[in-house]
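For reference, the structure discussed in these notes is given below.
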Amino acid sequence: MTNYQALNSRRHASIKIAKDPCYSHAGSRQLLPISIDEVALASAHYPIVFVKHPDTGRFVMAALVGLQSGENLFGGSVGWGGAYIPFEVRNYPLMALASEHDAEQLVVCVDEDSELSGSEQGQALFTEEGDPSAWLNQLISALTQHHQRRRQTEQAIEQMLALDLLTARTLTVQSEGGQEHALSGFYGIDEQKLNQLGSADFVALRDKGLLAVVYAILLSSLQVASLARQISNKAAQGADNVCN
Amino acid sequence: MSAINRILVVGGGTAGWLSAAVLAKELNANEPGGVSVTLVESPDVPILGVGEGTWPTLRATLSRIGVDEGEFMRECEATFKQGGEFVNWVSGPGVKKDSYYHPFSVVFNQSYEFSLAPYWLLGESGDLPYDRSVSVQSLLCDAGVAPKKITTPAFVGLQEYAYHLNANKFADFLRRHCVEKLNVKHLVANVTRVDQDESDWITVVNTDRLGELEADFFIDCSGSRSLIIEGVFASPWRDIRDIIFNDRAVALQVPYETADAPIATHTIATAHGSGWTWDIGLQHRRGVGHVYSSDYISDDEAESVLRDYAGPQARDIPARRLAMRLGYREQGWCGNCVAIGMSAGFVEPLEASAIFLSDAAVRMLADQFPRHRDSVAPARNKFNRLMAMRWARSVEFIKLHYCISRRRDTPYWIDNCDFASVPEPLIERLEHWRMHPPSKFDFESAFEPFVLDSYLFVLYGMQFPTQLHHNRSAYGRNQLARERLQAVAESARKLLHELPTQRTLVDRICRYGMSSI
């Protein structure tokens, strides 16, 4: 369970944020949310899928990193063997969230319950004078921008839904042993609908900067091969790069 | 003019707008060459606005006419209905709990292929009542959970479901949908006179402020006023008060105790001394009513029974009294006019059949719709035959709830259980069912309103004493029966773990809507 609290120079005066090259906090998650600006990089490694959030039924865009709930096939090695690390995973335990009192206001928060948030190791959040550290200041800008992009991602999904481009998909992964895994409960881009879009709708997609995103997601379904490979990689993993 | 291209619907409540919507959609009122649909309603005559229970068929209809389910539920204060619970129908109030469900879902008990009823009768479920043995949905209703999740697509359910809805808001909602999306023309005026030609076909409806309204085909949705079907065609009314005694109702709207109070996922129908009370949970209030017979109880006493049931929250709330004309027309279609809704008939709301029968009638009409005067007669005869059967069977099914009761505590119950008040076809079926459980062969028509499983739930919920021991050897598939019964229990366990409460789901739907995929 997380416990995000707004950054406070008194409450968090002595807090330092440690770095975990294994990103083990994401080691047991099959789905990692990404924003549209991450699609190009993420789709080079993972299938990008849409899933419904269990509490709201609204679609979320995510990188699929495992074959079953609770499994991250990439999490076992340092830096995930070079695969793309999503922004939220990279910057955890820090995140920009809408303020409880005013939805238009953003507040940078830290997950106080995280093992990475402590008083011993890592980058200090605040200086001795109680000002944000130089490191934090740099991050604040990136975190706020990312929050903007999450909003844009929601809007992009709405636009895709309005054009009827999403459809339920079953992804089939064939592991080296010849075993087939059918993964359902996900949604992807309906290629047929995409090809049948009228000119006006198609141009609108381009003008909204969504063409590349839509095609990248479509083609990312081929990355199921990457998941299959990862199963064998894990088996053949050397001792050096292994994470706990 | 022999071509039929223009429909005029007279009357704007649930029946009127539902008819307009289905006809406009199925007959493509949006397209050139399609049939045009106009609805005229009175600015002075209020709609009935009491019918708040529906059937799963309405769900299919709403999907077909292009409604957004989330929007519909939000705007009509709707909640999910999974069936009906019948309380105190068997022996009456007493020490032992007397209640059974008639749920919509028969997932594990498709009695057409393999009925669990005889095995239940022979004791395979021990003491567990029929509904909780064979129906996952009964167990879900007990727990107050919804039939789906926020992630389930619109109009899809993990169990069959219908809605409880605010009748007034539903009529408004359908009106907006008809006008904005289905190209239905909306007129407001009072009908003053209806003109016919030499062949008795209606040609024109005269109004007090819009002059003459011309059309080729007319739908009479003017409720109990029956302006055309009775006013012009004098289609005979078949009275059913000798069978169904409840001719009055008194209704109240009761607030919940708190904003997050649980919402029941089924209609609760509780039997009383001279009638029964309905209890329907909407999002922000309950609708309760007492349906009763004026021959056995006065209006004031009936209101008193309702207020006792409703409790102290209802203390300062005014009740609404209604008289119900019980019966139906064997010819709901005369000439070029079809009556749909209360103008066609009314039984009593025990199984929420009124909206269903309107929906069924208009779907059949849309399917059979004649585009030419010469093709009217065969469609009309078929329609009348099928609808008359549906009305008659609805009357019988509702009577079934009464006539096999063990209650004899008031003259109302004594008279209701007297077989002199039971239709002959039902008597014959019950005779057979004393020695043999209902089977698919008891249902000749594909269009009967109540199917085999519905009869099983009511018959065995009412503890009807079917004797099977003389024919025990015919039921040898005990192993299969046990597996099925176990599958019901397993499936219920799993679903109870996954499904949200009705209140939680309804709140989420109002906030986030429902995805169509």
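Chain labels follow the order of the structure tokens: the first chain is A, the next B, and so on; residue numbering restarts at 1 in every chain, and ligands are counted from 1 in their shown order.
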
| request: Find the residues in chain B near chain A: any atom within 12 Å counts, using only C-alpha atoms. Write them as number ranges by chain. | output: B: 70, 148-154, 498-500, 504-517

| message | as a ChimeraX atom specification, please: the residues near segment 103-120 of chain A (cut-off 7 Å, only C-alpha atoms, same-chain neighbours under 3 positions excluded). | response | /A:2-7,14-19,93-100

| request: Go ahead and compute the interatomic distance for atom CA of Glu77 of chain B and atom CA of Thr265 of chain B, in Å to one decimal. | output: 13.9 Å

| said: Residues near Ser454 of chain B, anyone? I mean within 10 Å using only C-alpha atoms, not counting same-chain ones fewer than 3 positions away, as a PyMOL selection string. | reply: chain B and resi 102-106+397+449-451+457-459

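One distance worth recording is that between atom CA of Val376 of chain B and atom CA of Ile355 of chain B, which is 25.0 Å.
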
| field | All residues 12 Å or closer to Leu39 of chain B, only C-alpha atoms, same chain fewer than 2 positions away omitted, as a PyMOL selection string | value | chain B and resi 6-13+15-21+23-24+36-37+41-42+174-175+178-179+183-191+205+213-215+217-222

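You will find atom CA of Ala489 of chain B at 7.7 Å from atom CA of Ser133 of chain B.
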
| message | For Tyr119 of chain B, find every residue with an atom within 8 Å (counting only C-alpha atoms), except residues of its own chain fewer than 5 positions away, and show them as JSON, numbers by chain. | response | {"B": [124, 125, 475, 478, 481]}

Produce a file of the selected residues containing C-alpha atoms, as a PDB file, in the first residue's frame.
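Ended up saving to selection_2.pdb:
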```pdb
ATOM      1  CA  GLU B 124     -30.406 -33.830  -3.610  1.00  0.00           C
ATOM      2  CA  SER B 125     -30.062 -30.372  -2.003  1.00  0.00           C
ATOM      3  CA  TYR B 475     -34.474 -39.610 -12.646  1.00  0.00           C
ATOM      4  CA  ASN B 478     -27.949 -38.008  -9.834  1.00  0.00           C
ATOM      5  CA  ALA B 481     -27.304 -33.227 -10.830  1.00  0.00           C
TER       6      ALA B 481
END
```

| request: List every residue of segment 144-353 of chain B that DSSP, applied to the backbone of this structure, assigns to helix (DSSP H, G or I), and report them as a ChimeraX atom specification. | output: /B:167-181,223-225,299-310,312-314,349-351,353

| query | Could you pull the residues within 6 Å of segment 429-443 of chain B, counting only C-alpha atoms, minus those fewer than 2 positions along the same chain, as a VMD selection string? | reply | chain B and resid 112 426 to 427 445 466 to 467

| So which bits of segment 222-354 of chain B end up strand (DSSP E or B) when you DSSP the backbone, as an MDAnalysis selection string? | chainID B and resid 237:239 248:255 267:272 275:281 285:292 320:323 327:329 333:334 337:339 345:346

| Which residue, B:Ser115, B:Asn5, B:Ser421, B:Asn30, has the smallest gap to Leu480 of chain B when you use only C-alpha atoms? | B:Ser115

| message | I want to know what sits within 10 Å of Gly70 of chain A, based on only C-alpha atoms, with residues of the same chain fewer than 5 positions away left out; could you give that as number ranges by chain? | response | A: 26-31, 65

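Between Arg407 of chain B and the candidates B:His164, B:Ser2, B:Val90, B:Asn28, the tightest atom-to-atom separation, counting only C-alpha atoms, involves B:Val90.
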